[in-house]
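Read the structure below first, then the notes.
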Amino acid sequence: MEEIITRFPPSPTGYLHVGGARTALFNWLYARHTKGRFVLRIEDTDVQRSTQESTDAIFEALEWLGIDWDEGPYFQSQRFPIYEEYAQKLLDSGHAYYCSCSSEDLETMRKKAMETGGKPKYDGTCRDKRLSKGDNTVIRFKAPLMGTTVLEDIIKGNIVFQNSELDDFIIQRSDSTPTYNFVVVIDDITMGINTVIRGDDHVNNTPRQILLYKALESPLPAFGHVPMVLGNDRSRLSKRHGATSVTAYRDMGYLPDALINYLVRLGWSFGDQEFFTRDELIEKFSLENIGRAAGIFDQEKLLSLNADHIKATPPRELIPILIPFLKEKGVETGDSDYLESIIKTLNIRSKTLRDMAEDAMFYFQDEIVYDEKAAKKFLSPSALGPVRELIKQLEQLDQFGEKDLEDAFKKVMEITELKLGKIAQPVRVALTGKTASPGIFEIIEVLEKERVMSRLEKAVQFIMDKEQKKS
RNA sequence: GUCCCCAUCGUCUAGCCUGGUCCAGGACACCGGCCUUUCACGCCGGCAACAGGGGUUCAAAUCCCCUUGGGGACGCCA
């Protein structure tokens, strides 16, 4: 079989949003799955709106997602001579012509068409004028007036367009820069792209592009139009629906594999499977299982998937990802053994890395700040006995293994005649400042003797000071 | 307005192509319960959908038509 060559062509007019990332993913996955090639192309023919910052932001996002390309990045702005050449070809073969209609002319043309209940389109004023290049001329493609153009879509099936619905669209602007519908076709032809997977919103562009392929006598690629991603109000996903930029998810503590898993699963399925590793995605991805209906971006589900991916990632691999979040909270540490043991206590209860950093704070504080309610409820005189007894027991231990700790607590239970719950909560507050935390034995083991002892003693002091103030 | 696409629980979806095994399965969320040193995890259970109407057929979530609803495109943006 012929090698599959796909592409992702973002226009650098903003950051990479999740919808764009999804189509990039589909193309990338399909190329990887078929052992084909994936090409990256930057569509910057609109010189006004394209920026270097956007280009960099897109690279950054793709890199974070782990989407790598085999060819490119190509920049359309550097390929203008090629487009010029093809435009001339079309002119020469009679498939294109110069048009001198002004923007104002077109505007009134559209208005009129709308009023009479038709589709606003170019009326062909200059179609047969045989104009030559002038100061304000554009080049238009001469589209057939009759007949139909059929799009054989991999995902949607056959879609038939009446050519009468189409008009003579502009392929080269009056400033001589080429337009989108023209350049995609030239690029896809010259880059050997044989599989075009893109958003649903391009369906109506496709017949025009097919006409171009035909005029150029080039074979058509396979087209697959994937349904769009919508916001929770069913309208096109935008900023007001919350975070839409890929890197925003990175900054909120999401794992790239989780985002990828979610994005691909939104609109594609593999039976009942919900969780996929990157490799599984590559192995199992197929165009046949892409759905036809638009999907709503659901943050809740992404969040839950992120938690699953955090759980599934070996703690050691999480270290470098967690560090920036700790840094953000003022924690500087390079002690990876300590970090690894901390992560082991937190990974099953964190939905994001940011949450994890937040919950890990007590491991790094020299001075535990007690949550007011927690201290009031658990650091009371009745806790004095058990905490002091625990200090006594722990002092005799050289090492804090889980088994040793359990025994120590058992002894405290016997001596104080209290249930574990009565002892563990005050200890928890003493050690973490909060009422909710990882298991008490785990914490003690990770914190190690020195920190534990000093925190317990501080708690004892705290309780005594409180009592003194009362009397 | 014109053209195009879409339609299963609140959401993502399986099932649809190749009608019967579906009084429709899974996941998220939600609600119970169990586990338990807290919070989580985990486990068990619950709530909840074939948009409506016509056909075709012994039989329709599955095939056909219409209606309705939603989305998208109509630019010298991509």
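Going through the structure tokens in order, the chains are called A, B, and so on, while each chain numbers its residues from 1 and the ligands are numbered from 1 in the order shown.
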**Asked** Within 8 Å of chain B, which residues of chain A show up when using only C-alpha atoms (C1' of nucleotides), listed as a PyMOL selection string?
**Response** chain A and resi 11+43+46+103+114-115+117-121+138+165+170+172-174+180+200-204+234-235+265-267+269+271-274+292-296+298+300-301+304+348-349+420-421+423-425+428+435-440
**Request:** Mind listing the helix (DSSP H, G or I) residues of segment 99-133 of chain A, per DSSP on the backbone, as JSON, numbers by chain?
**Result:** {"A": [103, 104, 105, 106, 107, 108, 109, 110, 111, 112, 113, 114, 115]}
**Asked** Using only C-alpha atoms (C1' of nucleotides), which residues sit within 10 Å of C9 of chain B once same-chain residues fewer than 5 positions away are excluded, as a VMD selection string?
**Response** chain B and resid 47 to 50
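By chain and then residue number, the residues within 12 Å of G46 of chain B are B:C30, B:C31, B:G32, B:G33, counting only C-alpha atoms (C1' of nucleotides) and disregarding those fewer than 5 positions away in sequence.
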**Request:** From a DSSP pass on the backbone, collect the residues of segment 136-367 of chain A flagged as strand (DSSP E) and hand them back as a PyMOL selection string.
**Result:** chain A and resi 138-141+148-153+157-162+170-172+195-199+222-226+229-230+295-296
Can I get the selection written as a short mmCIF file (atom, residue, chain, number, x, y, z; two decimals), in the first residue's frame, with N, CA, C and O atoms?
```cif
data_model
loop_
_atom_site.label_atom_id
_atom_site.label_comp_id
_atom_site.auth_asym_id
_atom_site.auth_seq_id
_atom_site.Cartn_x
_atom_site.Cartn_y
_atom_site.Cartn_z
N VAL A 138 -7.24 41.14 -8.99
CA VAL A 138 -7.03 39.89 -8.27
C VAL A 138 -7.12 38.79 -9.32
O VAL A 138 -7.59 39.04 -10.44
N ILE A 139 -6.68 37.59 -8.96
CA ILE A 139 -6.87 36.47 -9.89
C ILE A 139 -7.97 35.58 -9.32
O ILE A 139 -7.96 35.24 -8.14
N ARG A 140 -8.92 35.28 -10.18
CA ARG A 140 -10.01 34.39 -9.76
C ARG A 140 -9.94 33.06 -10.48
O ARG A 140 -9.51 32.99 -11.62
N PHE A 141 -10.38 32.04 -9.79
CA PHE A 141 -10.46 30.72 -10.39
C PHE A 141 -11.77 30.64 -11.16
O PHE A 141 -12.82 31.06 -10.67
N THR A 148 -21.97 18.90 -10.95
CA THR A 148 -21.80 18.71 -9.51
C THR A 148 -20.35 18.33 -9.20
O THR A 148 -19.63 17.85 -10.07
N THR A 149 -19.97 18.59 -7.98
CA THR A 149 -18.66 18.16 -7.51
C THR A 149 -18.91 17.27 -6.30
O THR A 149 -19.65 17.65 -5.39
N VAL A 150 -18.32 16.12 -6.33
CA VAL A 150 -18.57 15.16 -5.25
C VAL A 150 -17.36 15.01 -4.35
O VAL A 150 -16.24 14.80 -4.81
N LEU A 151 -17.62 15.14 -3.06
CA LEU A 151 -16.58 14.92 -2.07
C LEU A 151 -16.82 13.54 -1.48
O LEU A 151 -17.86 13.29 -0.87
N GLU A 152 -15.87 12.65 -1.67
CA GLU A 152 -15.99 11.32 -1.09
C GLU A 152 -15.26 11.35 0.23
O GLU A 152 -14.05 11.14 0.30
N ASP A 153 -16.00 11.63 1.27
CA ASP A 153 -15.38 11.82 2.58
C ASP A 153 -15.27 10.50 3.34
O ASP A 153 -16.23 9.75 3.43
N GLY A 157 -18.91 10.21 4.31
CA GLY A 157 -19.52 9.59 3.13
C GLY A 157 -19.55 10.59 1.98
O GLY A 157 -18.91 11.63 2.04
N ASN A 158 -20.31 10.30 0.97
CA ASN A 158 -20.36 11.18 -0.19
C ASN A 158 -21.20 12.42 0.04
O ASN A 158 -22.30 12.34 0.55
N ILE A 159 -20.62 13.54 -0.33
CA ILE A 159 -21.35 14.79 -0.23
C ILE A 159 -21.33 15.42 -1.62
O ILE A 159 -20.27 15.60 -2.22
N VAL A 160 -22.53 15.73 -2.12
CA VAL A 160 -22.63 16.28 -3.46
C VAL A 160 -22.90 17.78 -3.43
O VAL A 160 -23.81 18.23 -2.73
N PHE A 161 -22.10 18.53 -4.14
CA PHE A 161 -22.31 19.98 -4.21
C PHE A 161 -22.70 20.36 -5.63
O PHE A 161 -22.11 19.86 -6.59
N GLN A 162 -23.65 21.26 -5.74
CA GLN A 162 -24.01 21.78 -7.05
C GLN A 162 -22.96 22.83 -7.38
O GLN A 162 -22.71 23.73 -6.59
N ILE A 170 -11.30 33.95 -5.29
CA ILE A 170 -10.01 34.59 -5.50
C ILE A 170 -8.88 33.67 -5.11
O ILE A 170 -8.91 33.05 -4.04
N ILE A 171 -7.90 33.54 -5.97
CA ILE A 171 -6.74 32.73 -5.61
C ILE A 171 -5.50 33.61 -5.37
O ILE A 171 -4.55 33.19 -4.75
N GLN A 172 -5.55 34.82 -5.90
CA GLN A 172 -4.44 35.73 -5.61
C GLN A 172 -4.99 37.13 -5.37
O GLN A 172 -5.75 37.66 -6.17
N THR A 195 -3.53 12.27 2.37
CA THR A 195 -4.63 12.13 3.32
C THR A 195 -4.82 13.44 4.07
O THR A 195 -3.91 13.90 4.75
N VAL A 196 -5.98 14.03 3.88
CA VAL A 196 -6.28 15.30 4.52
C VAL A 196 -7.36 15.11 5.58
O VAL A 196 -8.51 14.85 5.27
N ILE A 197 -6.94 15.21 6.83
CA ILE A 197 -7.90 15.11 7.92
C ILE A 197 -7.99 16.48 8.56
O ILE A 197 -6.98 17.06 8.95
N ARG A 198 -9.16 17.03 8.59
CA ARG A 198 -9.30 18.39 9.10
C ARG A 198 -10.68 18.60 9.68
O ARG A 198 -11.53 17.72 9.64
N GLY A 199 -10.90 19.77 10.23
CA GLY A 199 -12.18 20.08 10.86
C GLY A 199 -13.32 20.18 9.85
O GLY A 199 -13.14 20.54 8.69
N ALA A 222 -7.22 11.69 -0.09
CA ALA A 222 -8.41 11.21 0.61
C ALA A 222 -8.77 12.29 1.62
O ALA A 222 -7.89 12.82 2.30
N PHE A 223 -10.04 12.65 1.69
CA PHE A 223 -10.47 13.66 2.64
C PHE A 223 -11.23 13.03 3.79
O PHE A 223 -12.01 12.10 3.58
N GLY A 224 -10.99 13.54 4.98
CA GLY A 224 -11.75 13.08 6.13
C GLY A 224 -12.05 14.30 7.00
O GLY A 224 -11.13 14.95 7.49
N HIS A 225 -13.32 14.62 7.13
CA HIS A 225 -13.68 15.80 7.92
C HIS A 225 -14.22 15.40 9.29
O HIS A 225 -15.27 14.78 9.39
N VAL A 226 -13.48 15.77 10.30
CA VAL A 226 -13.88 15.39 11.65
C VAL A 226 -14.79 16.45 12.26
O VAL A 226 -14.60 17.64 12.03
N VAL A 229 -15.34 20.54 17.85
CA VAL A 229 -15.45 20.49 19.30
C VAL A 229 -16.25 21.73 19.72
O VAL A 229 -15.94 22.84 19.30
N LEU A 230 -17.27 21.50 20.51
CA LEU A 230 -18.14 22.59 20.93
C LEU A 230 -17.98 22.89 22.42
O LEU A 230 -17.51 22.06 23.18
N GLY A 295 -18.86 17.14 19.26
CA GLY A 295 -18.80 16.79 20.67
C GLY A 295 -18.55 17.99 21.56
O GLY A 295 -17.93 18.97 21.13
N ILE A 296 -19.03 17.92 22.77
CA ILE A 296 -18.83 19.01 23.71
C ILE A 296 -17.60 18.73 24.57
O ILE A 296 -17.41 17.62 25.07
#
```
**Message:** Give me the residues near Glu71 of chain A as a list in words, where near means some atom within 9 Å (using only C-alpha atoms (C1' of nucleotides)) and where sequence neighbours in that chain fewer than 4 positions away do not count.
**Reply:**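 Skipping anything fewer than 4 positions along the chain leaves Arg37, Phe38, Val39, Leu40 and Arg41 of chain A.
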**Prompt:** Which polymer residues have any atom within 12 Å of an atom of segment 62-68 of chain B, counting only C-alpha atoms (C1' of nucleotides), with same-chain residues fewer than 4 positions away left out, as a list of chain:residue names?
**Reply:**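 These residues fall inside the cut-off: B:A7, B:U8, B:G15, B:C16, B:C17, B:U18, B:G19, B:G20, B:C22, B:A24, B:C50, B:A51, B:G52, B:G53, B:G54, B:G55, B:U56, B:U57.
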For the residues in that selection, give me N, CA, C and O atoms (P, O5', C5', C4', C3', O3' and C1' of nucleotides) as a compact mmCIF listing (two decimals), in the first residue's frame.
```
# COMPACT_ATOMS: atom_id res chain seq x y z
P A B 7 -25.65 11.44 13.28
O5' A B 7 -26.56 12.05 14.46
C5' A B 7 -25.92 12.43 15.72
C4' A B 7 -27.03 12.87 16.66
C3' A B 7 -28.04 11.73 16.91
O3' A B 7 -28.14 11.29 18.25
C1' A B 7 -29.10 13.67 15.96
P U B 8 -27.38 11.69 19.52
O5' U B 8 -28.00 10.59 20.49
C5' U B 8 -29.39 10.30 20.37
C4' U B 8 -29.68 9.12 21.26
C3' U B 8 -29.06 9.22 22.64
O3' U B 8 -29.90 9.96 23.50
C1' U B 8 -28.59 7.10 21.73
P G B 15 -19.88 0.61 17.60
O5' G B 15 -21.29 -0.10 17.68
C5' G B 15 -21.36 -1.49 18.05
C4' G B 15 -22.79 -1.83 18.40
C3' G B 15 -23.80 -1.57 17.29
O3' G B 15 -23.86 -2.68 16.41
C1' G B 15 -24.64 -0.78 19.37
P C B 16 -23.43 -2.55 14.87
O5' C B 16 -24.57 -1.64 14.26
C5' C B 16 -25.90 -2.15 14.04
C4' C B 16 -26.70 -1.05 13.42
C3' C B 16 -26.22 -0.67 12.02
O3' C B 16 -27.24 -1.01 11.10
C1' C B 16 -26.44 1.25 13.44
P C B 17 -27.28 -2.20 10.20
O5' C B 17 -26.25 -1.76 9.07
C5' C B 17 -26.59 -0.72 8.17
C4' C B 17 -25.38 -0.40 7.34
C3' C B 17 -24.79 -1.59 6.62
O3' C B 17 -25.44 -1.74 5.36
C1' C B 17 -23.07 -0.38 7.72
P U B 18 -25.52 -3.21 4.74
O5' U B 18 -26.41 -4.08 5.72
C5' U B 18 -26.79 -5.43 5.45
C4' U B 18 -26.35 -6.34 6.58
C3' U B 18 -26.66 -5.78 7.97
O3' U B 18 -27.72 -6.55 8.55
C1' U B 18 -24.41 -6.60 7.82
P G B 19 -29.21 -6.33 8.05
O5' G B 19 -30.21 -7.04 9.11
C5' G B 19 -29.86 -7.22 10.42
C4' G B 19 -30.30 -6.04 11.28
C3' G B 19 -30.95 -6.56 12.55
O3' G B 19 -30.50 -5.81 13.63
C1' G B 19 -32.53 -5.29 11.22
P G B 20 -30.02 -6.72 14.90
O5' G B 20 -31.38 -7.41 15.37
C5' G B 20 -32.04 -7.04 16.57
C4' G B 20 -33.13 -8.04 16.86
C3' G B 20 -32.73 -9.15 17.81
O3' G B 20 -33.38 -8.91 19.05
C1' G B 20 -34.04 -9.95 15.96
P C B 22 -29.37 -8.63 24.53
O5' C B 22 -30.56 -7.59 24.28
C5' C B 22 -31.39 -7.06 25.32
C4' C B 22 -31.84 -5.70 24.84
C3' C B 22 -32.68 -5.77 23.57
O3' C B 22 -33.98 -5.23 23.81
C1' C B 22 -30.92 -4.15 23.40
P A B 24 -33.35 -1.23 28.78
O5' A B 24 -32.07 -1.20 27.82
C5' A B 24 -31.34 -2.40 27.53
C4' A B 24 -30.22 -2.03 26.60
C3' A B 24 -29.36 -0.87 27.10
O3' A B 24 -28.27 -1.36 27.86
C1' A B 24 -30.11 -0.39 24.94
P C B 50 -35.65 8.10 25.05
O5' C B 50 -34.88 7.22 23.99
C5' C B 50 -35.08 7.46 22.61
C4' C B 50 -33.74 7.43 21.93
C3' C B 50 -33.82 7.54 20.43
O3' C B 50 -32.86 8.51 20.04
C1' C B 50 -32.72 5.52 21.07
P A B 51 -33.18 9.55 18.89
O5' A B 51 -34.41 10.40 19.49
C5' A B 51 -34.29 11.06 20.75
C4' A B 51 -35.29 12.18 20.80
C3' A B 51 -36.60 11.89 20.06
O3' A B 51 -37.53 11.29 20.94
C1' A B 51 -35.70 13.94 19.29
P G B 52 -38.54 10.20 20.35
O5' G B 52 -39.56 11.11 19.54
C5' G B 52 -40.43 12.02 20.23
C4' G B 52 -41.29 12.72 19.21
C3' G B 52 -41.99 11.80 18.23
O3' G B 52 -43.19 11.28 18.76
C1' G B 52 -40.95 13.55 17.05
P G B 53 -43.72 9.88 18.24
O5' G B 53 -44.17 10.22 16.75
C5' G B 53 -45.21 11.17 16.54
C4' G B 53 -45.39 11.39 15.06
C3' G B 53 -45.52 10.13 14.23
O3' G B 53 -46.83 9.58 14.32
C1' G B 53 -44.04 11.59 13.16
P G B 54 -47.08 8.10 13.82
O5' G B 54 -47.39 8.39 12.30
C5' G B 54 -47.33 7.36 11.35
C4' G B 54 -46.90 7.91 10.01
C3' G B 54 -46.43 6.82 9.08
O3' G B 54 -47.52 6.19 8.46
C1' G B 54 -44.80 8.51 9.14
P G B 55 -47.84 4.70 8.96
O5' G B 55 -46.43 4.01 8.77
C5' G B 55 -46.28 2.99 7.83
C4' G B 55 -45.65 3.51 6.56
C3' G B 55 -44.83 2.45 5.88
O3' G B 55 -45.63 1.83 4.88
C1' G B 55 -43.43 4.30 6.37
P U B 56 -45.98 0.29 5.14
O5' U B 56 -44.60 -0.41 4.79
C5' U B 56 -43.96 -0.14 3.54
C4' U B 56 -42.58 -0.74 3.53
C3' U B 56 -42.50 -2.11 4.16
O3' U B 56 -42.90 -3.12 3.24
C1' U B 56 -40.73 -0.75 4.96
P U B 57 -44.01 -4.18 3.75
O5' U B 57 -43.18 -5.05 4.79
C5' U B 57 -42.01 -5.74 4.37
C4' U B 57 -41.29 -6.26 5.58
C3' U B 57 -42.16 -7.02 6.57
O3' U B 57 -42.38 -8.36 6.16
C1' U B 57 -40.74 -5.50 7.73
```
**Message:** Would you pick out the contacts of Asn306 of chain A at 10 Å or less, using only C-alpha atoms (C1' of nucleotides), so that residues sharing its chain but fewer than 4 positions from it are not included, and give the list as a ChimeraX atom specification?
**Reply:** /A:253-259,261-262,275,300-302,310-312,350-353
Serialized selection, N, CA and C atoms, as a CSV table (one decimal), in the first residue's frame:
```
chain,number,residue,atom,x,y,z
A,253,GLY,N,-1.5,21.8,35.3
A,253,GLY,CA,-1.0,20.6,35.9
A,253,GLY,C,-1.6,19.3,35.3
A,254,TYR,N,-1.9,19.5,34.0
A,254,TYR,CA,-2.4,18.3,33.3
A,254,TYR,C,-1.2,17.6,32.6
A,255,LEU,N,-1.3,16.3,32.4
A,255,LEU,CA,-0.3,15.5,31.8
A,255,LEU,C,-0.6,15.5,30.3
A,256,PRO,N,0.4,15.7,29.4
A,256,PRO,CA,0.1,15.7,28.0
A,256,PRO,C,-0.6,14.4,27.5
A,257,ASP,N,-0.2,13.3,28.1
A,257,ASP,CA,-0.9,12.0,27.7
A,257,ASP,C,-2.4,12.0,28.1
A,258,ALA,N,-2.7,12.7,29.1
A,258,ALA,CA,-4.1,12.8,29.6
A,258,ALA,C,-4.9,13.6,28.6
A,259,LEU,N,-4.3,14.8,28.2
A,259,LEU,CA,-5.0,15.6,27.2
A,259,LEU,C,-5.2,14.9,25.9
A,261,ASN,N,-5.3,11.7,25.3
A,261,ASN,CA,-6.3,10.7,25.5
A,261,ASN,C,-7.7,11.2,25.4
A,262,TYR,N,-7.9,12.3,26.2
A,262,TYR,CA,-9.2,12.9,26.2
A,262,TYR,C,-9.6,13.5,24.8
A,275,PHE,N,-9.4,4.6,28.8
A,275,PHE,CA,-8.0,5.0,29.1
A,275,PHE,C,-7.1,4.4,28.0
A,300,GLU,N,-14.7,18.1,33.1
A,300,GLU,CA,-14.8,17.2,34.2
A,300,GLU,C,-14.2,15.8,33.8
A,301,LYS,N,-14.5,15.4,32.6
A,301,LYS,CA,-14.0,14.1,32.2
A,301,LYS,C,-12.5,14.2,31.9
A,302,LEU,N,-12.1,15.3,31.4
A,302,LEU,CA,-10.6,15.5,31.2
A,302,LEU,C,-9.9,15.4,32.5
A,310,ILE,N,-2.2,10.3,36.1
A,310,ILE,CA,-1.2,10.5,37.1
A,310,ILE,C,-1.0,9.2,37.9
A,311,LYS,N,-2.1,8.5,38.2
A,311,LYS,CA,-2.0,7.2,38.9
A,311,LYS,C,-1.2,6.2,38.1
A,312,ALA,N,-1.3,6.3,36.8
A,312,ALA,CA,-0.6,5.2,36.0
A,312,ALA,C,0.8,5.6,35.7
A,350,SER,N,-4.4,12.9,43.7
A,350,SER,CA,-4.3,14.2,43.0
A,350,SER,C,-4.9,14.1,41.6
A,351,LYS,N,-5.7,15.1,41.3
A,351,LYS,CA,-6.3,15.2,40.0
A,351,LYS,C,-5.4,16.0,39.0
A,352,THR,N,-4.6,16.9,39.5
A,352,THR,CA,-3.6,17.6,38.7
A,352,THR,C,-2.3,17.7,39.4
A,353,LEU,N,-1.3,18.0,38.7
A,353,LEU,CA,0.0,18.2,39.4
A,353,LEU,C,0.0,19.4,40.3
```
**Request:** State, in Å with one decimal place, the distance from atom CA of Leu326 of chain A to atom CA of Ala357 of chain A.
**Result:** 5.4 Å
**Request:** Find the distance between atom CA of His95 of chain A and atom CA of Phe75 of chain A and write it in Å to one decimal.
**Result:**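 Atom CA of Phe75 of chain A lies 26.2 Å from atom CA of His95 of chain A.
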**Item:** atom C1' of G42 of chain B to atom CA of Trp268 of chain A, distance in Å rounded to a single decimal
**Value:**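 Spanning atom C1' of G42 of chain B to atom CA of Trp268 of chain A is a straight-line distance of 28.1 Å.
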